[in-house]
Amino acid sequence: MREISAGEITRAVAKLAVEACCQLPGEMKEALEKARKAEPSPVGREVLSQLVKNAEIAASETVPICQDTGLAVVFADVGQDVHIVGGDFEEAINRGIHDGYVDGYLRKSSVAEPLFERKNTTDNTPAIIHTRIVPGDHIRLRLAPKGAGSENKSVLKMLVPADGIEGVRKVVLDAIRAAGPNSCPPMVVGVGLGGNMEKACLCAKKAAARDIGTRNEDERYAAFEQELLEMINKTGIGPQGLGGENTAVAVHVEWAPTHIASLPVAVNINCHAARHAEAVL
């Protein structure tokens with residue numbers, strides 16, 4: 001049994017909060033530069049140039065890529081041979097979010113209650129935490145801050161098996177068209193298939209937080225990712241919705257077993273600031 005202190009978790013999360021909000025992942029920056037070279041629209045190329053420059057300034061000056069530093073979404077894989085000492089696991093994560101967002105001068109976007117008072121929590125807590133118990137003696141933390149512009153365009157449809165792949169294509173394409181410029185394209189699109197209502201959404205969220213350049217391990221789904229990407233880029237929405245061929249830089253699909261009578265489909269979109277950072281303790 002390996003011991004990991006709550007304090008170590010807090011320090012790691014605080015560092016990840018600043019890193020994720022201020023440093024665009026290298027593979028995403030490369031995807032934007034690749035899109036800039038390939039974009040036929042002059043306006044689209046200029047937009048992509050500005051997005052790349054913005055990311056460079058944010059990284060060099062340690063300032064947020066976007067003013068919406070999002071709700072803090074944490075994917076935590078906790079090894080079953082880890083013993084957390086010196087505090088509560090979720091409290092340690094939330095303390096790290098507090099420290100990262102307060103000390104890092106990141107915008108606090110979380111309200112304590114959603115409908116009536118909507119009072120800001122002032123430190124961007126609580127985080128949205130997805131925890132899995134996995135083999136091993138390490139903790140893997142992936143922080144993926146999620147802004148409202150893209151998150152508000154999320155879609156869940158409970159299809160039936162007869163809707164098939166055409167039904168899935170329609171759900172994805174309708175979601176992209178409805179999002180239009182409001183999700184600050186070029187996007188990273190996460191698609192979740194199967195499971196039930198909440199599992200499909202979790203699959204989509206995990207898919208959206210994947211590294212650019214990764215592919216589904218199942219060749220059929222990897223091919224479907226590429227097909228959906230090509231389909232989305234034919235919409236003409238383009239960078240920041242100003243027209244062009246680069247509406248998305250990646251589509252990621254994750255799936256789960258499902259009921260014989262169900263075909264759940266969820267779509268979760270990341271804007272051009274597809275933020276995430278990871279640490280292994």
# chains A, B, ... in the order shown; residues from 1 in each chain; ligands from 1
>>> closest_atom_pairs(of="segment 56-105 of chain A", to="segment 142-153 of chain A", cutoff="8 Å", atoms="only C-alpha atoms", output="Markdown table")
| residue | atom | partner | partner_atom | distance |
| --- | --- | --- | --- | --- |
| A:Asp68 | CA | A:Gly147 | CA | 5.6 |
| A:Thr69 | CA | A:Gly147 | CA | 6.2 |
| A:Gly70 | CA | A:Gly147 | CA | 3.9 |
| A:Leu71 | CA | A:Lys146 | CA | 5.2 |
| A:Ala72 | CA | A:Pro145 | CA | 4.5 |
| A:Val73 | CA | A:Ala144 | CA | 5.2 |
| A:Val74 | CA | A:Leu143 | CA | 4.6 |
| A:Phe75 | CA | A:Arg142 | CA | 5.1 |
| A:Ala76 | CA | A:Arg142 | CA | 6.5 |
>>> residues_around(residues="segment 265-267 of chain A", least_positions_apart="2", cutoff="8 Å", atoms="only C-alpha atoms", output="compact mmCIF listing (two decimals) with N, CA, C and O atoms, in the first residue's frame")
# COMPACT_ATOMS: atom_id res chain seq x y z
N SER A 154 -24.05 21.46 -25.55
CA SER A 154 -24.07 20.00 -25.41
C SER A 154 -25.44 19.44 -25.78
O SER A 154 -26.46 20.10 -25.63
N VAL A 155 -25.44 18.20 -26.27
CA VAL A 155 -26.66 17.55 -26.72
C VAL A 155 -26.69 16.11 -26.23
O VAL A 155 -25.67 15.43 -26.23
N LEU A 156 -27.87 15.68 -25.81
CA LEU A 156 -28.11 14.26 -25.52
C LEU A 156 -29.37 13.83 -26.24
O LEU A 156 -30.41 14.49 -26.11
N LYS A 157 -29.28 12.76 -27.01
CA LYS A 157 -30.45 12.19 -27.68
C LYS A 157 -30.50 10.69 -27.38
O LYS A 157 -29.50 9.99 -27.53
N MET A 158 -31.68 10.25 -26.98
CA MET A 158 -31.87 8.83 -26.71
C MET A 158 -32.49 8.20 -27.95
O MET A 158 -33.71 8.15 -28.12
N LEU A 159 -31.62 7.75 -28.84
CA LEU A 159 -32.07 7.09 -30.05
C LEU A 159 -32.41 5.63 -29.76
O LEU A 159 -32.15 5.11 -28.67
N VAL A 168 -27.04 8.72 -35.70
CA VAL A 168 -25.91 9.30 -34.97
C VAL A 168 -25.32 10.47 -35.75
O VAL A 168 -25.05 11.54 -35.20
N VAL A 171 -27.55 13.53 -35.33
CA VAL A 171 -27.44 14.17 -34.01
C VAL A 171 -26.18 15.04 -33.95
O VAL A 171 -26.22 16.19 -33.49
N VAL A 172 -25.07 14.50 -34.42
CA VAL A 172 -23.80 15.24 -34.37
C VAL A 172 -23.87 16.47 -35.26
O VAL A 172 -23.53 17.58 -34.84
N ALA A 175 -26.09 19.18 -33.89
CA ALA A 175 -25.47 19.85 -32.75
C ALA A 175 -24.45 20.88 -33.20
O ALA A 175 -24.39 22.00 -32.66
N VAL A 189 -14.65 18.05 -30.91
CA VAL A 189 -15.98 17.50 -30.67
C VAL A 189 -15.87 16.13 -30.02
O VAL A 189 -15.24 15.22 -30.57
N GLY A 190 -16.49 15.98 -28.86
CA GLY A 190 -16.56 14.70 -28.18
C GLY A 190 -17.92 14.06 -28.40
O GLY A 190 -18.95 14.71 -28.18
N VAL A 191 -17.92 12.81 -28.82
CA VAL A 191 -19.17 12.08 -29.05
C VAL A 191 -19.17 10.85 -28.15
O VAL A 191 -18.22 10.07 -28.15
N GLY A 192 -20.24 10.69 -27.38
CA GLY A 192 -20.41 9.53 -26.52
C GLY A 192 -21.54 8.66 -27.02
O GLY A 192 -22.64 9.17 -27.28
N LEU A 193 -21.29 7.38 -27.16
CA LEU A 193 -22.31 6.45 -27.66
C LEU A 193 -22.50 5.33 -26.65
O LEU A 193 -21.54 4.82 -26.07
N GLY A 194 -23.76 4.93 -26.47
CA GLY A 194 -24.05 3.77 -25.64
C GLY A 194 -24.23 4.10 -24.18
O GLY A 194 -24.41 5.24 -23.79
N ALA A 200 -23.56 8.03 -21.47
CA ALA A 200 -23.27 8.61 -22.78
C ALA A 200 -22.67 9.99 -22.64
O ALA A 200 -21.70 10.34 -23.35
N CYS A 201 -23.20 10.79 -21.72
CA CYS A 201 -22.67 12.14 -21.51
C CYS A 201 -21.25 12.09 -20.96
O CYS A 201 -20.40 12.90 -21.35
N CYS A 203 -19.09 9.70 -21.47
CA CYS A 203 -18.24 9.28 -22.59
C CYS A 203 -17.92 10.47 -23.48
O CYS A 203 -16.77 10.64 -23.93
N ALA A 204 -18.91 11.31 -23.75
CA ALA A 204 -18.69 12.48 -24.60
C ALA A 204 -17.73 13.46 -23.94
O ALA A 204 -16.86 14.05 -24.60
N LEU A 263 -29.94 3.42 -28.02
CA LEU A 263 -28.75 3.94 -28.69
C LEU A 263 -28.55 5.39 -28.25
O LEU A 263 -28.85 6.33 -29.00
N ILE A 269 -18.82 19.68 -26.82
CA ILE A 269 -17.92 20.44 -27.67
C ILE A 269 -16.91 21.21 -26.84
O ILE A 269 -17.25 21.80 -25.82
>>> residues_around(residues="Glu8 of chain A", least_positions_apart="3", cutoff="12 Å", atoms="only C-alpha atoms", output="JSON, numbers by chain")
{"A": [3, 4, 5, 11, 12, 13, 14, 15, 84, 85, 86, 87, 88, 89, 92, 93, 95, 96, 139, 141, 279, 280, 281]}
>>> select_by_dssp(residues="segment 26-236 of chain A", states="strand (DSSP E)", output="NGL selection string")
:A and (73-79 or 82-85 or 128-134 or 139-143 or 155-159 or 187-195)
>>> select_by_dssp(residues="segment 51-141 of chain A", states="helix (DSSP H, G or I)", output="ChimeraX atom specification")
/A:51-61,89-103
>>> residues_around(residues="Gln226 of chain A", least_positions_apart="6", cutoff="10 Å", atoms="only C-alpha atoms", output="PyMOL selection string")
chain A and resi 215+232+250-253
>>> atom_distance(atom1="atom CA of Gly26 of chain A", atom2="atom CA of Glu227 of chain A")
24.3 Å
>>> residues_around(residues="Pro135 of chain A", least_positions_apart="2", cutoff="12 Å", atoms="only C-alpha atoms", output="list of chain:residue names")
A:Met1, A:Asp77, A:Val78, A:Gly79, A:Gln80, A:Asp81, A:Val82, A:Arg132, A:Ile133, A:Asp137, A:His138, A:Ile139, A:Arg140
>>> residues_around(residues="Ala273 of chain A", least_positions_apart="6", cutoff="10 Å", atoms="only C-alpha atoms", output="list in words")
Ala20, Cys21, Cys22, Gln23, Leu24, Pro25, Met28, Lys29, Leu51, Ala55, Pro64, Ile65, Cys66, Thr69, Pro145, Lys146, Gly147, Cys184, Pro185, Pro186, Met187 and Val188 of chain A
>>> write_last_selection(atoms="N, CA and C atoms", output="tab-separated table (two decimals), in the first residue's frame")
chain	number	residue	atom	x	y	z
A	20	ALA	N	-3.58	24.48	-17.13
A	20	ALA	CA	-4.64	24.20	-18.10
A	20	ALA	C	-5.25	25.49	-18.66
A	21	CYS	N	-5.39	26.49	-17.81
A	21	CYS	CA	-6.05	27.74	-18.24
A	21	CYS	C	-5.12	28.66	-19.02
A	22	CYS	N	-3.82	28.50	-18.84
A	22	CYS	CA	-2.88	29.45	-19.44
A	22	CYS	C	-2.01	28.86	-20.55
A	23	GLN	N	-1.94	27.55	-20.65
A	23	GLN	CA	-1.08	26.93	-21.65
A	23	GLN	C	-1.89	25.98	-22.53
A	24	LEU	N	-2.10	26.38	-23.76
A	24	LEU	CA	-2.80	25.51	-24.69
A	24	LEU	C	-1.96	24.25	-24.91
A	25	PRO	N	-2.58	23.06	-24.83
A	25	PRO	CA	-1.81	21.83	-25.07
A	25	PRO	C	-1.06	21.90	-26.40
A	28	MET	N	-2.77	20.77	-29.51
A	28	MET	CA	-3.85	21.64	-29.99
A	28	MET	C	-3.26	22.84	-30.74
A	29	LYS	N	-2.18	23.39	-30.23
A	29	LYS	CA	-1.53	24.50	-30.93
A	29	LYS	C	-1.04	24.04	-32.31
A	51	LEU	N	-5.59	33.25	-33.14
A	51	LEU	CA	-5.75	32.26	-32.07
A	51	LEU	C	-4.39	31.69	-31.65
A	55	ALA	N	-2.60	32.20	-27.97
A	55	ALA	CA	-2.09	31.10	-27.15
A	55	ALA	C	-0.64	31.32	-26.76
A	64	PRO	N	-4.70	33.74	-18.75
A	64	PRO	CA	-5.64	32.79	-19.35
A	64	PRO	C	-5.75	32.93	-20.87
A	65	ILE	N	-5.89	31.81	-21.53
A	65	ILE	CA	-6.12	31.77	-22.97
A	65	ILE	C	-7.44	32.47	-23.29
A	66	CYS	N	-8.42	32.28	-22.42
A	66	CYS	CA	-9.74	32.87	-22.57
A	66	CYS	C	-10.19	33.36	-21.20
A	69	THR	N	-12.58	30.88	-17.69
A	69	THR	CA	-11.71	29.79	-17.25
A	69	THR	C	-12.50	28.59	-16.75
A	145	PRO	N	-10.79	22.28	-17.64
A	145	PRO	CA	-11.73	23.38	-17.41
A	145	PRO	C	-12.68	23.54	-18.60
A	146	LYS	N	-13.95	23.76	-18.31
A	146	LYS	CA	-14.95	23.78	-19.38
A	146	LYS	C	-15.76	25.05	-19.31
A	147	GLY	N	-15.59	25.90	-20.32
A	147	GLY	CA	-16.32	27.15	-20.41
A	147	GLY	C	-17.74	26.95	-20.87
A	184	CYS	N	-17.09	29.02	-30.44
A	184	CYS	CA	-15.73	29.51	-30.76
A	184	CYS	C	-14.91	28.50	-31.54
A	185	PRO	N	-15.37	28.09	-32.72
A	185	PRO	CA	-14.58	27.15	-33.52
A	185	PRO	C	-13.27	27.77	-34.00
A	186	PRO	N	-12.29	26.90	-34.35
A	186	PRO	CA	-12.42	25.46	-34.58
A	186	PRO	C	-12.54	24.65	-33.29
A	187	MET	N	-13.43	23.68	-33.34
A	187	MET	CA	-13.82	22.92	-32.16
A	187	MET	C	-13.05	21.60	-32.06
A	188	VAL	N	-13.12	21.04	-30.85
A	188	VAL	CA	-12.84	19.63	-30.63
A	188	VAL	C	-14.17	19.02	-30.18
>>> atom_distance(atom1="atom CA of Leu242 of chain A", atom2="atom CA of Ser49 of chain A")
13.8 Å
>>> decode(residues="segment 96-135 of chain A", atoms="N, CA and C atoms", output="PDB file, in the first residue's frame")
ATOM      1  N   GLY A  96      -7.269  22.444  -3.967  1.00  0.00           N
ATOM      2  CA  GLY A  96      -6.364  22.753  -5.075  1.00  0.00           C
ATOM      3  C   GLY A  96      -7.010  23.679  -6.092  1.00  0.00           C
ATOM      4  N   ILE A  97      -8.292  23.458  -6.371  1.00  0.00           N
ATOM      5  CA  ILE A  97      -9.003  24.364  -7.269  1.00  0.00           C
ATOM      6  C   ILE A  97      -9.057  25.761  -6.662  1.00  0.00           C
ATOM      7  N   HIS A  98      -9.357  25.850  -5.386  1.00  0.00           N
ATOM      8  CA  HIS A  98      -9.362  27.145  -4.693  1.00  0.00           C
ATOM      9  C   HIS A  98      -8.017  27.842  -4.841  1.00  0.00           C
ATOM     10  N   ASP A  99      -6.953  27.131  -4.527  1.00  0.00           N
ATOM     11  CA  ASP A  99      -5.621  27.749  -4.559  1.00  0.00           C
ATOM     12  C   ASP A  99      -5.247  28.156  -5.983  1.00  0.00           C
ATOM     13  N   GLY A 100      -5.517  27.289  -6.943  1.00  0.00           N
ATOM     14  CA  GLY A 100      -5.148  27.589  -8.319  1.00  0.00           C
ATOM     15  C   GLY A 100      -5.902  28.779  -8.874  1.00  0.00           C
ATOM     16  N   TYR A 101      -7.191  28.822  -8.635  1.00  0.00           N
ATOM     17  CA  TYR A 101      -8.002  29.895  -9.205  1.00  0.00           C
ATOM     18  C   TYR A 101      -7.829  31.214  -8.458  1.00  0.00           C
ATOM     19  N   VAL A 102      -7.651  31.160  -7.148  1.00  0.00           N
ATOM     20  CA  VAL A 102      -7.476  32.401  -6.378  1.00  0.00           C
ATOM     21  C   VAL A 102      -6.062  32.944  -6.553  1.00  0.00           C
ATOM     22  N   ASP A 103      -5.069  32.105  -6.272  1.00  0.00           N
ATOM     23  CA  ASP A 103      -3.682  32.573  -6.357  1.00  0.00           C
ATOM     24  C   ASP A 103      -3.240  32.795  -7.798  1.00  0.00           C
ATOM     25  N   GLY A 104      -3.870  32.091  -8.732  1.00  0.00           N
ATOM     26  CA  GLY A 104      -3.511  32.244 -10.142  1.00  0.00           C
ATOM     27  C   GLY A 104      -4.302  33.322 -10.856  1.00  0.00           C
ATOM     28  N   TYR A 105      -5.159  34.023 -10.121  1.00  0.00           N
ATOM     29  CA  TYR A 105      -5.955  35.127 -10.675  1.00  0.00           C
ATOM     30  C   TYR A 105      -6.794  34.680 -11.870  1.00  0.00           C
ATOM     31  N   LEU A 106      -7.422  33.517 -11.724  1.00  0.00           N
ATOM     32  CA  LEU A 106      -8.295  32.984 -12.755  1.00  0.00           C
ATOM     33  C   LEU A 106      -9.742  33.341 -12.418  1.00  0.00           C
ATOM     34  N   ARG A 107     -10.544  33.561 -13.437  1.00  0.00           N
ATOM     35  CA  ARG A 107     -11.921  33.965 -13.184  1.00  0.00           C
ATOM     36  C   ARG A 107     -12.686  32.858 -12.469  1.00  0.00           C
ATOM     37  N   LYS A 108     -13.487  33.275 -11.496  1.00  0.00           N
ATOM     38  CA  LYS A 108     -14.289  32.333 -10.723  1.00  0.00           C
ATOM     39  C   LYS A 108     -15.702  32.300 -11.306  1.00  0.00           C
ATOM     40  N   SER A 109     -16.083  31.148 -11.845  1.00  0.00           N
ATOM     41  CA  SER A 109     -17.320  31.072 -12.621  1.00  0.00           C
ATOM     42  C   SER A 109     -18.367  30.146 -12.017  1.00  0.00           C
ATOM     43  N   SER A 110     -18.133  29.665 -10.805  1.00  0.00           N
ATOM     44  CA  SER A 110     -19.032  28.683 -10.211  1.00  0.00           C
ATOM     45  C   SER A 110     -20.020  29.349  -9.260  1.00  0.00           C
ATOM     46  N   VAL A 111     -21.305  29.012  -9.413  1.00  0.00           N
ATOM     47  CA  VAL A 111     -22.315  29.481  -8.465  1.00  0.00           C
ATOM     48  C   VAL A 111     -22.772  28.307  -7.610  1.00  0.00           C
ATOM     49  N   ALA A 112     -23.095  28.609  -6.350  1.00  0.00           N
ATOM     50  CA  ALA A 112     -23.366  27.557  -5.369  1.00  0.00           C
ATOM     51  C   ALA A 112     -24.700  26.854  -5.610  1.00  0.00           C
ATOM     52  N   GLU A 113     -25.637  27.556  -6.225  1.00  0.00           N
ATOM     53  CA  GLU A 113     -26.983  27.008  -6.435  1.00  0.00           C
ATOM     54  C   GLU A 113     -27.470  27.525  -7.784  1.00  0.00           C
ATOM     55  N   PRO A 114     -28.104  26.674  -8.616  1.00  0.00           N
ATOM     56  CA  PRO A 114     -28.269  27.026 -10.021  1.00  0.00           C
ATOM     57  C   PRO A 114     -29.469  27.880 -10.399  1.00  0.00           C
ATOM     58  N   LEU A 115     -30.501  27.988  -9.556  1.00  0.00           N
ATOM     59  CA  LEU A 115     -31.756  28.556 -10.035  1.00  0.00           C
ATOM     60  C   LEU A 115     -32.164  29.871  -9.374  1.00  0.00           C
ATOM     61  N   PHE A 116     -32.047  29.992  -8.062  1.00  0.00           N
ATOM     62  CA  PHE A 116     -32.627  31.131  -7.366  1.00  0.00           C
ATOM     63  C   PHE A 116     -31.588  32.212  -7.042  1.00  0.00           C
ATOM     64  N   GLU A 117     -30.704  31.966  -6.099  1.00  0.00           N
ATOM     65  CA  GLU A 117     -29.734  33.006  -5.713  1.00  0.00           C
ATOM     66  C   GLU A 117     -28.557  33.100  -6.676  1.00  0.00           C
ATOM     67  N   ARG A 118     -28.076  31.943  -7.164  1.00  0.00           N
ATOM     68  CA  ARG A 118     -26.918  31.894  -8.057  1.00  0.00           C
ATOM     69  C   ARG A 118     -25.757  32.729  -7.504  1.00  0.00           C
ATOM     70  N   LYS A 119     -25.426  32.503  -6.260  1.00  0.00           N
ATOM     71  CA  LYS A 119     -24.355  33.242  -5.612  1.00  0.00           C
ATOM     72  C   LYS A 119     -23.012  32.610  -5.943  1.00  0.00           C
ATOM     73  N   ASN A 120     -22.062  33.443  -6.392  1.00  0.00           N
ATOM     74  CA  ASN A 120     -20.741  32.952  -6.763  1.00  0.00           C
ATOM     75  C   ASN A 120     -20.017  32.392  -5.546  1.00  0.00           C
ATOM     76  N   THR A 121     -19.356  31.239  -5.728  1.00  0.00           N
ATOM     77  CA  THR A 121     -18.632  30.619  -4.611  1.00  0.00           C
ATOM     78  C   THR A 121     -17.300  31.314  -4.341  1.00  0.00           C
ATOM     79  N   THR A 122     -16.882  32.196  -5.230  1.00  0.00           N
ATOM     80  CA  THR A 122     -15.689  33.060  -5.123  1.00  0.00           C
ATOM     81  C   THR A 122     -14.358  32.337  -5.283  1.00  0.00           C
ATOM     82  N   ASP A 123     -14.352  31.029  -5.458  1.00  0.00           N
ATOM     83  CA  ASP A 123     -13.077  30.326  -5.640  1.00  0.00           C
ATOM     84  C   ASP A 123     -13.156  29.217  -6.692  1.00  0.00           C
ATOM     85  N   ASN A 124     -14.255  29.208  -7.448  1.00  0.00           N
ATOM     86  CA  ASN A 124     -14.495  28.232  -8.522  1.00  0.00           C
ATOM     87  C   ASN A 124     -14.696  26.808  -8.038  1.00  0.00           C
ATOM     88  N   THR A 125     -14.921  26.637  -6.750  1.00  0.00           N
ATOM     89  CA  THR A 125     -15.295  25.320  -6.244  1.00  0.00           C
ATOM     90  C   THR A 125     -16.815  25.261  -6.142  1.00  0.00           C
ATOM     91  N   PRO A 126     -17.377  24.051  -6.077  1.00  0.00           N
ATOM     92  CA  PRO A 126     -16.696  22.760  -6.106  1.00  0.00           C
ATOM     93  C   PRO A 126     -16.364  22.315  -7.527  1.00  0.00           C
ATOM     94  N   ALA A 127     -15.315  21.516  -7.626  1.00  0.00           N
ATOM     95  CA  ALA A 127     -14.983  20.896  -8.905  1.00  0.00           C
ATOM     96  C   ALA A 127     -16.006  19.809  -9.233  1.00  0.00           C
ATOM     97  N   ILE A 128     -16.120  19.512 -10.496  1.00  0.00           N
ATOM     98  CA  ILE A 128     -16.907  18.353 -10.935  1.00  0.00           C
ATOM     99  C   ILE A 128     -15.922  17.196 -11.067  1.00  0.00           C
ATOM    100  N   ILE A 129     -16.062  16.209 -10.208  1.00  0.00           N
ATOM    101  CA  ILE A 129     -15.042  15.163 -10.066  1.00  0.00           C
ATOM    102  C   ILE A 129     -15.601  13.816 -10.526  1.00  0.00           C
ATOM    103  N   HIS A 130     -14.890  13.191 -11.449  1.00  0.00           N
ATOM    104  CA  HIS A 130     -15.232  11.849 -11.923  1.00  0.00           C
ATOM    105  C   HIS A 130     -14.106  10.910 -11.485  1.00  0.00           C
ATOM    106  N   THR A 131     -14.403  10.044 -10.533  1.00  0.00           N
ATOM    107  CA  THR A 131     -13.374   9.186  -9.939  1.00  0.00           C
ATOM    108  C   THR A 131     -13.581   7.735 -10.342  1.00  0.00           C
ATOM    109  N   ARG A 132     -12.482   7.094 -10.743  1.00  0.00           N
ATOM    110  CA  ARG A 132     -12.482   5.653 -10.998  1.00  0.00           C
ATOM    111  C   ARG A 132     -11.435   4.994 -10.117  1.00  0.00           C
ATOM    112  N   ILE A 133     -11.758   3.828  -9.580  1.00  0.00           N
ATOM    113  CA  ILE A 133     -10.766   3.016  -8.868  1.00  0.00           C
ATOM    114  C   ILE A 133     -10.164   2.052  -9.883  1.00  0.00           C
ATOM    115  N   VAL A 134      -8.848   2.120 -10.042  1.00  0.00           N
ATOM    116  CA  VAL A 134      -8.164   1.336 -11.063  1.00  0.00           C
ATOM    117  C   VAL A 134      -7.019   0.548 -10.423  1.00  0.00           C
ATOM    118  N   PRO A 135      -6.480  -0.448 -11.105  1.00  0.00           N
ATOM    119  CA  PRO A 135      -5.328  -1.166 -10.564  1.00  0.00           C
ATOM    120  C   PRO A 135      -4.122  -0.231 -10.420  1.00  0.00           C
TER     121      PRO A 135
END
